[in-house]
file structure.tsv (TSV, C-alpha atoms)
chain	number	residue	atom	x	y	z
A	1	GLU	CA	-9.58	3.93	-70.38
A	2	VAL	CA	-11.19	2.24	-67.40
A	3	GLN	CA	-8.74	1.73	-64.55
A	4	LEU	CA	-8.96	0.52	-60.98
A	5	VAL	CA	-5.84	1.39	-58.99
A	6	GLN	CA	-5.38	-0.20	-55.59
A	7	SER	CA	-3.27	0.91	-52.66
A	8	GLY	CA	0.09	-0.67	-52.00
A	9	ALA	CA	1.14	-3.77	-50.10
A	10	GLU	CA	0.73	-3.79	-46.34
A	11	VAL	CA	2.55	-5.63	-43.55
A	12	LYS	CA	0.70	-5.60	-40.26
A	13	LYS	CA	0.70	-7.32	-36.88
A	14	PRO	CA	-2.24	-9.30	-35.50
A	15	GLY	CA	-4.71	-7.02	-33.77
A	16	GLU	CA	-3.84	-3.98	-35.86
A	17	SER	CA	-6.36	-2.15	-38.03
A	18	LEU	CA	-6.10	-1.61	-41.78
A	19	LYS	CA	-7.95	0.10	-44.62
A	20	ILE	CA	-7.07	-0.58	-48.25
A	21	SER	CA	-8.40	1.33	-51.22
A	22	CYS	CA	-9.41	1.04	-54.86
A	23	GLN	CA	-9.71	4.17	-57.00
A	24	GLY	CA	-11.61	4.08	-60.26
A	25	SER	CA	-11.11	6.28	-63.29
A	26	GLY	CA	-12.15	6.43	-66.92
A	27	TYR	CA	-15.84	5.80	-66.23
A	28	ASN	CA	-18.66	7.03	-64.01
A	29	PHE	CA	-17.60	5.43	-60.72
A	30	ASN	CA	-20.99	6.11	-59.11
A	31	ASN	CA	-22.91	3.99	-61.59
A	32	TYR	CA	-21.20	0.61	-61.19
A	33	TRP	CA	-20.98	-1.79	-58.28
A	34	ILE	CA	-17.46	-2.46	-57.01
A	35	ALA	CA	-16.64	-5.95	-55.76
A	36	TRP	CA	-13.92	-7.14	-53.43
A	37	VAL	CA	-12.36	-10.56	-53.94
A	38	ARG	CA	-9.86	-12.33	-51.68
A	39	GLN	CA	-7.23	-14.79	-52.80
A	40	MET	CA	-5.31	-16.49	-50.06
A	41	PRO	CA	-1.78	-17.70	-50.91
A	42	GLY	CA	-1.94	-20.50	-53.46
A	43	LYS	CA	-5.75	-20.64	-53.28
A	44	GLY	CA	-8.78	-19.67	-55.32
A	45	LEU	CA	-10.98	-16.60	-55.55
A	46	GLU	CA	-13.47	-15.69	-52.81
A	47	TRP	CA	-16.26	-13.12	-53.26
A	48	MET	CA	-16.26	-10.84	-50.23
A	49	GLY	CA	-18.95	-8.34	-51.08
A	50	ILE	CA	-20.02	-5.48	-53.29
A	51	ILE	CA	-20.82	-1.81	-52.88
A	52	PHE	CA	-22.72	0.70	-55.04
A	53	PRO	CA	-20.80	3.95	-54.59
A	54	ARG	CA	-23.70	6.26	-55.41
A	55	ASP	CA	-25.59	5.35	-52.24
A	56	SER	CA	-23.15	2.95	-50.50
A	57	ASP	CA	-25.64	0.08	-50.74
A	58	THR	CA	-23.58	-2.93	-49.68
A	59	ARG	CA	-23.99	-6.69	-49.95
A	60	ASN	CA	-21.63	-8.87	-47.95
A	61	SER	CA	-20.85	-12.53	-48.27
A	62	PRO	CA	-21.92	-14.38	-45.10
A	63	SER	CA	-18.34	-15.70	-44.90
A	64	PHE	CA	-17.01	-12.16	-44.49
A	65	GLN	CA	-19.93	-10.53	-42.65
A	66	GLY	CA	-18.65	-8.95	-39.45
A	67	GLN	CA	-15.04	-9.60	-40.45
A	68	VAL	CA	-14.54	-6.64	-42.78
A	69	THR	CA	-16.26	-3.34	-43.59
A	70	ILE	CA	-16.74	-2.31	-47.20
A	71	SER	CA	-17.25	1.39	-47.85
A	72	ALA	CA	-16.90	4.01	-50.57
A	73	ASP	CA	-16.29	7.72	-51.00
A	74	LYS	CA	-17.98	8.71	-54.23
A	75	SER	CA	-16.45	12.20	-54.13
A	76	ILE	CA	-13.02	10.69	-54.82
A	77	SER	CA	-14.18	7.59	-56.76
A	78	THR	CA	-12.70	5.25	-54.19
A	79	ALA	CA	-13.86	2.07	-52.50
A	80	TYR	CA	-12.39	0.58	-49.37
A	81	VAL	CA	-12.12	-2.56	-47.30
A	82	GLN	CA	-11.18	-2.21	-43.66
A	83	TRP	CA	-10.37	-4.44	-40.75
A	84	SER	CA	-10.57	-3.35	-37.12
A	85	SER	CA	-8.45	-6.19	-35.76
A	86	LEU	CA	-6.40	-8.23	-38.21
A	87	LYS	CA	-5.68	-11.92	-37.85
A	88	ALA	CA	-2.96	-13.98	-39.51
A	89	SER	CA	-5.70	-15.66	-41.55
A	90	ASP	CA	-6.49	-12.31	-43.20
A	91	SER	CA	-3.22	-12.53	-45.10
A	92	GLY	CA	-3.73	-12.68	-48.84
A	93	MET	CA	-4.19	-10.76	-52.04
A	94	TYR	CA	-7.23	-8.54	-52.24
A	95	TYR	CA	-8.66	-7.47	-55.57
A	96	CYS	CA	-11.31	-4.93	-56.40
A	97	ALA	CA	-13.30	-5.32	-59.59
A	98	ARG	CA	-15.96	-3.38	-61.45
A	99	MET	CA	-19.22	-5.24	-61.80
A	100	THR	CA	-21.17	-4.72	-64.98
A	101	VAL	CA	-24.25	-6.31	-66.50
A	102	SER	CA	-23.94	-7.93	-69.90
A	103	ARG	CA	-26.84	-9.85	-71.46
A	104	GLY	CA	-28.49	-9.65	-68.05
A	105	CYS	CA	-25.53	-11.37	-66.37
A	106	ASN	CA	-23.45	-9.65	-63.69
A	107	ASN	CA	-19.74	-10.03	-64.29
A	108	PHE	CA	-16.43	-8.44	-63.30
A	109	ASP	CA	-15.04	-6.78	-66.41
A	110	TYR	CA	-12.23	-4.66	-64.97
A	111	TRP	CA	-9.97	-5.53	-62.06
A	112	GLY	CA	-7.50	-3.69	-59.89
A	113	GLN	CA	-3.90	-4.88	-59.70
A	114	GLY	CA	-4.41	-6.31	-56.21
A	115	THR	CA	-3.23	-5.37	-52.73
A	116	LEU	CA	-1.12	-7.88	-50.83
A	117	VAL	CA	-1.85	-7.94	-47.11
A	118	THR	CA	0.54	-9.77	-44.80
A	119	VAL	CA	-0.37	-10.21	-41.16
A	120	SER	CA	2.43	-11.60	-39.05
A	121	SER	CA	3.78	-11.15	-35.56
B	1	ASP	CA	-24.61	-20.26	-50.99
B	2	ILE	CA	-24.43	-21.85	-54.43
B	3	GLN	CA	-21.44	-24.19	-54.68
B	4	MET	CA	-19.46	-24.28	-57.92
B	5	THR	CA	-17.39	-27.37	-58.69
B	6	GLN	CA	-14.86	-27.40	-61.49
B	7	SER	CA	-13.20	-30.42	-63.04
B	8	PRO	CA	-10.49	-31.29	-63.42
B	9	SER	CA	-8.48	-29.33	-60.83
B	10	SER	CA	-5.45	-29.49	-63.08
B	11	LEU	CA	-4.73	-30.62	-66.61
B	12	SER	CA	-1.47	-31.37	-68.44
B	13	VAL	CA	-1.84	-30.31	-72.03
B	14	SER	CA	0.20	-29.43	-75.09
B	15	VAL	CA	0.18	-26.48	-77.45
B	16	ARG	CA	-2.47	-26.91	-80.14
B	17	ASP	CA	-4.52	-29.26	-77.98
B	18	ARG	CA	-8.28	-28.80	-77.59
B	19	VAL	CA	-9.15	-28.36	-73.90
B	20	SER	CA	-12.47	-28.58	-72.09
B	21	ILE	CA	-13.06	-27.55	-68.49
B	22	THR	CA	-16.37	-28.24	-66.80
B	23	CYS	CA	-18.16	-26.37	-64.05
B	24	ARG	CA	-21.19	-27.65	-62.14
B	25	ALA	CA	-23.49	-25.55	-59.96
B	26	SER	CA	-25.17	-26.96	-56.86
B	27	GLN	CA	-28.50	-25.56	-58.10
B	28	THR	CA	-29.78	-24.16	-61.34
B	29	ILE	CA	-28.27	-20.80	-62.32
B	30	ASP	CA	-29.81	-20.45	-65.81
B	31	ASN	CA	-26.98	-18.88	-67.86
B	32	TYR	CA	-25.56	-16.64	-65.11
B	33	LEU	CA	-22.10	-18.08	-65.47
B	34	ASN	CA	-18.77	-16.35	-66.15
B	35	TRP	CA	-15.29	-17.65	-66.90
B	36	TYR	CA	-12.04	-15.93	-65.90
B	37	GLN	CA	-8.39	-16.57	-66.69
B	38	GLN	CA	-5.70	-15.84	-64.14
B	39	LYS	CA	-1.96	-15.89	-64.77
B	40	PRO	CA	0.56	-16.01	-61.90
B	41	GLY	CA	0.92	-12.69	-60.14
B	42	LYS	CA	-1.86	-11.10	-62.18
B	43	ALA	CA	-5.47	-10.16	-61.62
B	44	PRO	CA	-8.14	-12.37	-63.18
B	45	LYS	CA	-9.37	-11.51	-66.66
B	46	LEU	CA	-12.93	-11.96	-67.88
B	47	LEU	CA	-13.17	-14.36	-70.83
B	48	ILE	CA	-16.81	-15.41	-71.12
B	49	TYR	CA	-20.01	-14.00	-69.61
B	50	ALA	CA	-23.58	-15.24	-69.65
B	51	ALA	CA	-22.25	-18.77	-70.23
B	52	SER	CA	-21.42	-18.34	-73.90
B	53	SER	CA	-20.71	-14.69	-74.78
B	54	LEU	CA	-17.12	-13.80	-75.58
B	55	GLN	CA	-15.77	-10.73	-73.83
B	56	SER	CA	-14.44	-8.05	-76.16
B	57	GLY	CA	-10.83	-8.63	-77.12
B	58	VAL	CA	-10.76	-12.30	-76.14
B	59	PRO	CA	-9.56	-14.64	-78.90
B	60	SER	CA	-12.21	-16.70	-80.64
B	61	ARG	CA	-10.50	-19.97	-79.71
B	62	PHE	CA	-12.22	-19.55	-76.33
B	63	SER	CA	-15.86	-20.58	-76.16
B	64	GLY	CA	-18.40	-21.36	-73.48
B	65	SER	CA	-21.53	-23.47	-73.39
B	66	GLY	CA	-24.15	-24.81	-71.02
B	67	SER	CA	-27.12	-23.70	-68.97
B	68	GLY	CA	-28.88	-24.75	-65.80
B	69	THR	CA	-26.24	-26.53	-63.73
B	70	ASP	CA	-23.61	-27.77	-66.20
B	71	PHE	CA	-21.19	-25.59	-68.13
B	72	THR	CA	-18.09	-26.00	-70.25
B	73	LEU	CA	-15.20	-23.76	-71.23
B	74	THR	CA	-13.48	-24.93	-74.39
B	75	ILE	CA	-10.15	-23.71	-75.73
B	76	ASN	CA	-9.45	-24.71	-79.32
B	77	SER	CA	-5.82	-25.01	-80.41
B	78	LEU	CA	-4.22	-24.06	-77.11
B	79	GLN	CA	-1.56	-21.36	-77.38
B	80	PRO	CA	1.48	-20.87	-75.10
B	81	GLU	CA	-0.12	-17.81	-73.49
B	82	ASP	CA	-3.16	-19.87	-72.44
B	83	PHE	CA	-1.31	-21.75	-69.71
B	84	ALA	CA	-3.03	-20.29	-66.67
B	85	THR	CA	-5.69	-21.04	-64.07
B	86	TYR	CA	-9.33	-20.78	-65.07
B	87	TYR	CA	-12.24	-20.03	-62.77
B	88	CYS	CA	-15.97	-20.19	-63.27
B	89	GLN	CA	-18.28	-17.88	-61.31
B	90	GLN	CA	-22.02	-17.88	-60.85
B	91	SER	CA	-23.87	-14.57	-60.69
B	92	SER	CA	-27.35	-15.95	-60.20
B	93	SER	CA	-27.52	-15.07	-56.51
B	94	ALA	CA	-25.19	-13.39	-54.05
B	95	PRO	CA	-22.62	-14.32	-52.90
B	96	TYR	CA	-21.36	-14.74	-56.47
B	97	THR	CA	-19.25	-17.78	-55.77
B	98	PHE	CA	-16.29	-19.04	-57.80
B	99	GLY	CA	-15.23	-22.55	-58.65
B	100	GLN	CA	-11.98	-23.78	-57.11
B	101	GLY	CA	-10.03	-23.27	-60.34
B	102	THR	CA	-8.49	-25.43	-63.05
B	103	LYS	CA	-4.78	-25.09	-63.70
B	104	LEU	CA	-3.50	-25.80	-67.19
B	105	GLU	CA	0.05	-27.11	-67.14
B	106	ILE	CA	2.46	-27.83	-69.95
B	107	LYS	CA	2.77	-31.53	-70.73
call {"tool": "encode", "arguments": {"input": "structure.tsv", "output": "structure tokens"}}
result
Amino acid sequence: EVQLVQSGAEVKKPGESLKISCQGSGYNFNNYWIAWVRQMPGKGLEWMGIIFPRDSDTRNSPSFQGQVTISADKSISTAYVQWSSLKASDSGMYYCARMTVSRGCNNFDYWGQGTLVTVSS
Amino acid sequence: DIQMTQSPSSLSVSVRDRVSITCRASQTIDNYLNWYQQKPGKAPKLLIYAASSLQSGVPSRFSGSGSGTDFTLTINSLQPEDFATYYCQQSSSAPYTFGQGTKLEIK
């Protein structure tokens, strides 16, 4: 069974650093892109970027470029998003998802349960 | 970035209704269009990929159509478990942007 299990909720202060994780199991983690998606409270879904764990090839959304770092450790089938200096506007739910190709179309077929990040002084 | 615009933003409907949600891309995306369902407090779930292909395990009352810039998600005979928010997503070019969502509410 394919599973993506994310790290637990975080409460941080502005200016602090943070790294959240997404561990895959039940499939060959190295062979599928992992995407990160943000959902701010009461809002829609925002594509942050993707990473290919086998070689850590990364594509970032311009909206998130320079704001977060996406990485992966293929030895433990885990992808990460990290912030060096959090802002209140980084508060939200963060999802990882497996990207697959079906009929030539990239889509997100499995999702993690989400990690809630709260940044408040 | 390609902009995705869904309409309506919300819809009051009843069980057994037929529902259509539209999604328009700011430029042609061929059939690189996916639909997701999200229930409160849950991760999104893939319903339709490549504009019209039903994801495994998704009930056949869900269907998708369209190509180019205009797409439609149709739900035939709405069931109580279908009250949720629906998002379209283009995967023609990165960033793979989402529509703003359409919330189905009980009439």
call {"tool": "residues_around", "arguments": {"input": "structure.tsv", "residues": "B:Ser63", "least_positions_apart": "2", "cutoff": "7 Å", "atoms": "only C-alpha atoms", "output": "number ranges by chain"}}
result
B: 52, 54, 60-61, 65, 73-75
call {"tool": "residues_around", "arguments": {"input": "structure.tsv", "residues": "A:Cys96", "least_positions_apart": "6", "cutoff": "8 Å", "atoms": "all atoms listed in the file", "output": "PDB file with C-alpha atoms, in the frame of the given file"}}
result
ATOM      1  CA  LEU A   4      -8.960   0.520 -60.980  1.00  0.00           C
ATOM      2  CA  GLN A   6      -5.380  -0.200 -55.590  1.00  0.00           C
ATOM      3  CA  CYS A  22      -9.410   1.040 -54.860  1.00  0.00           C
ATOM      4  CA  ILE A  34     -17.460  -2.460 -57.010  1.00  0.00           C
ATOM      5  CA  ALA A  35     -16.640  -5.950 -55.760  1.00  0.00           C
ATOM      6  CA  TRP A  36     -13.920  -7.140 -53.430  1.00  0.00           C
ATOM      7  CA  VAL A  37     -12.360 -10.560 -53.940  1.00  0.00           C
ATOM      8  CA  TRP A 111      -9.970  -5.530 -62.060  1.00  0.00           C
ATOM      9  CA  GLY A 112      -7.500  -3.690 -59.890  1.00  0.00           C
ATOM     10  CA  GLY A 114      -4.410  -6.310 -56.210  1.00  0.00           C
TER      11      GLY A 114
END
call {"tool": "interface_residues", "arguments": {"input": "structure.tsv", "of": "chain B", "to": "chain A", "cutoff": "12 Å", "atoms": "all atoms listed in the file", "output": "JSON list (two decimals) with C-alpha atoms, keeping the file's coordinate frame"}}
result
[["chain", "number", "residue", "atom", "x", "y", "z"],
["B", 1, "ASP", "CA", -24.61, -20.26, -50.99],
["B", 2, "ILE", "CA", -24.43, -21.85, -54.43],
["B", 3, "GLN", "CA", -21.44, -24.19, -54.68],
["B", 4, "MET", "CA", -19.46, -24.28, -57.92],
["B", 6, "GLN", "CA", -14.86, -27.40, -61.49],
["B", 9, "SER", "CA", -8.48, -29.33, -60.83],
["B", 29, "ILE", "CA", -28.27, -20.80, -62.32],
["B", 30, "ASP", "CA", -29.81, -20.45, -65.81],
["B", 31, "ASN", "CA", -26.98, -18.88, -67.86],
["B", 32, "TYR", "CA", -25.56, -16.64, -65.11],
["B", 33, "LEU", "CA", -22.10, -18.08, -65.47],
["B", 34, "ASN", "CA", -18.77, -16.35, -66.15],
["B", 35, "TRP", "CA", -15.29, -17.65, -66.90],
["B", 36, "TYR", "CA", -12.04, -15.93, -65.90],
["B", 37, "GLN", "CA", -8.39, -16.57, -66.69],
["B", 38, "GLN", "CA", -5.70, -15.84, -64.14],
["B", 40, "PRO", "CA", 0.56, -16.01, -61.90],
["B", 41, "GLY", "CA", 0.92, -12.69, -60.14],
["B", 42, "LYS", "CA", -1.86, -11.10, -62.18],
["B", 43, "ALA", "CA", -5.47, -10.16, -61.62],
["B", 44, "PRO", "CA", -8.14, -12.37, -63.18],
["B", 45, "LYS", "CA", -9.37, -11.51, -66.66],
["B", 46, "LEU", "CA", -12.93, -11.96, -67.88],
["B", 47, "LEU", "CA", -13.17, -14.36, -70.83],
["B", 48, "ILE", "CA", -16.81, -15.41, -71.12],
["B", 49, "TYR", "CA", -20.01, -14.00, -69.61],
["B", 50, "ALA", "CA", -23.58, -15.24, -69.65],
["B", 51, "ALA", "CA", -22.25, -18.77, -70.23],
["B", 52, "SER", "CA", -21.42, -18.34, -73.90],
["B", 53, "SER", "CA", -20.71, -14.69, -74.78],
["B", 54, "LEU", "CA", -17.12, -13.80, -75.58],
["B", 55, "GLN", "CA", -15.77, -10.73, -73.83],
["B", 56, "SER", "CA", -14.44, -8.05, -76.16],
["B", 57, "GLY", "CA", -10.83, -8.63, -77.12],
["B", 58, "VAL", "CA", -10.76, -12.30, -76.14],
["B", 85, "THR", "CA", -5.69, -21.04, -64.07],
["B", 86, "TYR", "CA", -9.33, -20.78, -65.07],
["B", 87, "TYR", "CA", -12.24, -20.03, -62.77],
["B", 88, "CYS", "CA", -15.97, -20.19, -63.27],
["B", 89, "GLN", "CA", -18.28, -17.88, -61.31],
["B", 90, "GLN", "CA", -22.02, -17.88, -60.85],
["B", 91, "SER", "CA", -23.87, -14.57, -60.69],
["B", 92, "SER", "CA", -27.35, -15.95, -60.20],
["B", 93, "SER", "CA", -27.52, -15.07, -56.51],
["B", 94, "ALA", "CA", -25.19, -13.39, -54.05],
["B", 95, "PRO", "CA", -22.62, -14.32, -52.90],
["B", 96, "TYR", "CA", -21.36, -14.74, -56.47],
["B", 97, "THR", "CA", -19.25, -17.78, -55.77],
["B", 98, "PHE", "CA", -16.29, -19.04, -57.80],
["B", 99, "GLY", "CA", -15.23, -22.55, -58.65],
["B", 100, "GLN", "CA", -11.98, -23.78, -57.11],
["B", 101, "GLY", "CA", -10.03, -23.27, -60.34],
["B", 102, "THR", "CA", -8.49, -25.43, -63.05],
["B", 103, "LYS", "CA", -4.78, -25.09, -63.70]]
call {"tool": "atom_distance", "arguments": {"input": "structure.tsv", "atom1": "atom CA of B:Phe62", "atom2": "atom CA of A:Arg38"}}
result
25.8 Å
call {"tool": "residues_around", "arguments": {"input": "structure.tsv", "residues": "A:Leu86", "least_positions_apart": "4", "cutoff": "12 Å", "atoms": "all atoms listed in the file", "output": "PyMOL selection string"}}
result
chain A and resi 10-19+67-68+82+90-92+117-121
call {"tool": "write_last_selection", "arguments": {"input": "structure.tsv", "atoms": "C-alpha atoms", "output": "tab-separated table (two decimals), keeping the file's coordinate frame"}}
result
chain	number	residue	atom	x	y	z
A	10	GLU	CA	0.73	-3.79	-46.34
A	11	VAL	CA	2.55	-5.63	-43.55
A	12	LYS	CA	0.70	-5.60	-40.26
A	13	LYS	CA	0.70	-7.32	-36.88
A	14	PRO	CA	-2.24	-9.30	-35.50
A	15	GLY	CA	-4.71	-7.02	-33.77
A	16	GLU	CA	-3.84	-3.98	-35.86
A	17	SER	CA	-6.36	-2.15	-38.03
A	18	LEU	CA	-6.10	-1.61	-41.78
A	19	LYS	CA	-7.95	0.10	-44.62
A	67	GLN	CA	-15.04	-9.60	-40.45
A	68	VAL	CA	-14.54	-6.64	-42.78
A	82	GLN	CA	-11.18	-2.21	-43.66
A	90	ASP	CA	-6.49	-12.31	-43.20
A	91	SER	CA	-3.22	-12.53	-45.10
A	92	GLY	CA	-3.73	-12.68	-48.84
A	117	VAL	CA	-1.85	-7.94	-47.11
A	118	THR	CA	0.54	-9.77	-44.80
A	119	VAL	CA	-0.37	-10.21	-41.16
A	120	SER	CA	2.43	-11.60	-39.05
A	121	SER	CA	3.78	-11.15	-35.56
call {"tool": "atom_distance", "arguments": {"input": "structure.tsv", "atom1": "atom CA of B:Leu78", "atom2": "atom CA of B:Val13"}}
result
8.4 Å
call {"tool": "atom_distance", "arguments": {"input": "structure.tsv", "atom1": "atom CA of A:Gln23", "atom2": "atom CA of A:Pro41"}}
result
24.0 Å
call {"tool": "residues_near_point", "arguments": {"input": "structure.tsv", "point": "(-24.0, -28.2, -68.5)", "cutoff": "9 Å", "atoms": "all atoms listed in the file", "output": "PyMOL selection string"}}
result
chain B and resi 22-25+65-72
call {"tool": "closest_residue", "arguments": {"input": "structure.tsv", "among": "B:Ser77, B:Pro59, B:Ala84, B:Pro8", "to": "B:Leu104", "atoms": "all atoms listed in the file"}}
result
B:Ala84
call {"tool": "closest_residue", "arguments": {"input": "structure.tsv", "among": "A:Asn30, A:Ser21, A:Glu1, A:Ile51", "to": "A:Lys74", "atoms": "all atoms listed in the file"}}
result
A:Asn30
call {"tool": "decode", "arguments": {"input": "structure.tsv", "residues": "stretch 80-97 of chain B", "atoms": "N, CA and C atoms", "output": "CSV table (one decimal), in the first residue's frame"}}
result
chain,number,residue,atom,x,y,z
B,80,PRO,N,-24.7,12.2,-0.7
B,80,PRO,CA,-24.3,13.0,0.5
B,80,PRO,C,-22.8,13.1,0.7
B,81,GLU,N,-22.1,12.1,0.4
B,81,GLU,CA,-20.6,12.1,0.6
B,81,GLU,C,-19.9,13.0,-0.4
B,82,ASP,N,-20.6,13.6,-1.4
B,82,ASP,CA,-20.0,14.4,-2.4
B,82,ASP,C,-19.9,15.9,-2.1
B,83,PHE,N,-20.5,16.2,-0.9
B,83,PHE,CA,-20.4,17.6,-0.5
B,83,PHE,C,-19.0,17.9,0.0
B,84,ALA,N,-18.3,18.7,-0.8
B,84,ALA,CA,-16.9,18.9,-0.6
B,84,ALA,C,-16.5,20.1,-1.5
B,85,THR,N,-15.2,20.4,-1.5
B,85,THR,CA,-14.6,21.4,-2.4
B,85,THR,C,-13.9,20.7,-3.5
B,86,TYR,N,-14.0,21.2,-4.7
B,86,TYR,CA,-13.4,20.6,-5.9
B,86,TYR,C,-12.5,21.6,-6.5
B,87,TYR,N,-11.3,21.0,-6.9
B,87,TYR,CA,-10.3,21.9,-7.5
B,87,TYR,C,-9.8,21.3,-8.8
B,88,CYS,N,-9.6,22.1,-9.8
B,88,CYS,CA,-9.0,21.7,-11.0
B,88,CYS,C,-7.5,22.1,-10.9
B,89,GLN,N,-6.7,21.4,-11.7
B,89,GLN,CA,-5.2,21.6,-11.7
B,89,GLN,C,-4.7,21.4,-13.1
B,90,GLN,N,-3.9,22.3,-13.6
B,90,GLN,CA,-3.3,22.1,-14.9
B,90,GLN,C,-1.9,21.5,-14.7
B,91,SER,N,-1.5,20.5,-15.6
B,91,SER,CA,-0.2,20.0,-15.5
B,91,SER,C,0.5,20.1,-16.9
B,92,SER,N,0.2,21.1,-17.6
B,92,SER,CA,0.8,21.4,-18.9
B,92,SER,C,2.2,22.0,-18.7
B,93,SER,N,2.3,22.9,-17.8
B,93,SER,CA,3.6,23.5,-17.6
B,93,SER,C,3.8,24.0,-16.1
B,94,ALA,N,4.9,23.8,-15.6
B,94,ALA,CA,5.2,24.1,-14.2
B,94,ALA,C,5.2,25.7,-14.1
B,95,PRO,N,4.7,26.2,-12.9
B,95,PRO,CA,4.1,25.5,-11.8
B,95,PRO,C,2.7,25.0,-12.1
B,96,TYR,N,2.4,23.8,-11.7
B,96,TYR,CA,1.1,23.2,-12.0
B,96,TYR,C,0.0,23.8,-11.1
B,97,THR,N,-0.5,24.9,-11.6
B,97,THR,CA,-1.4,25.7,-10.8
B,97,THR,C,-2.8,25.0,-10.7
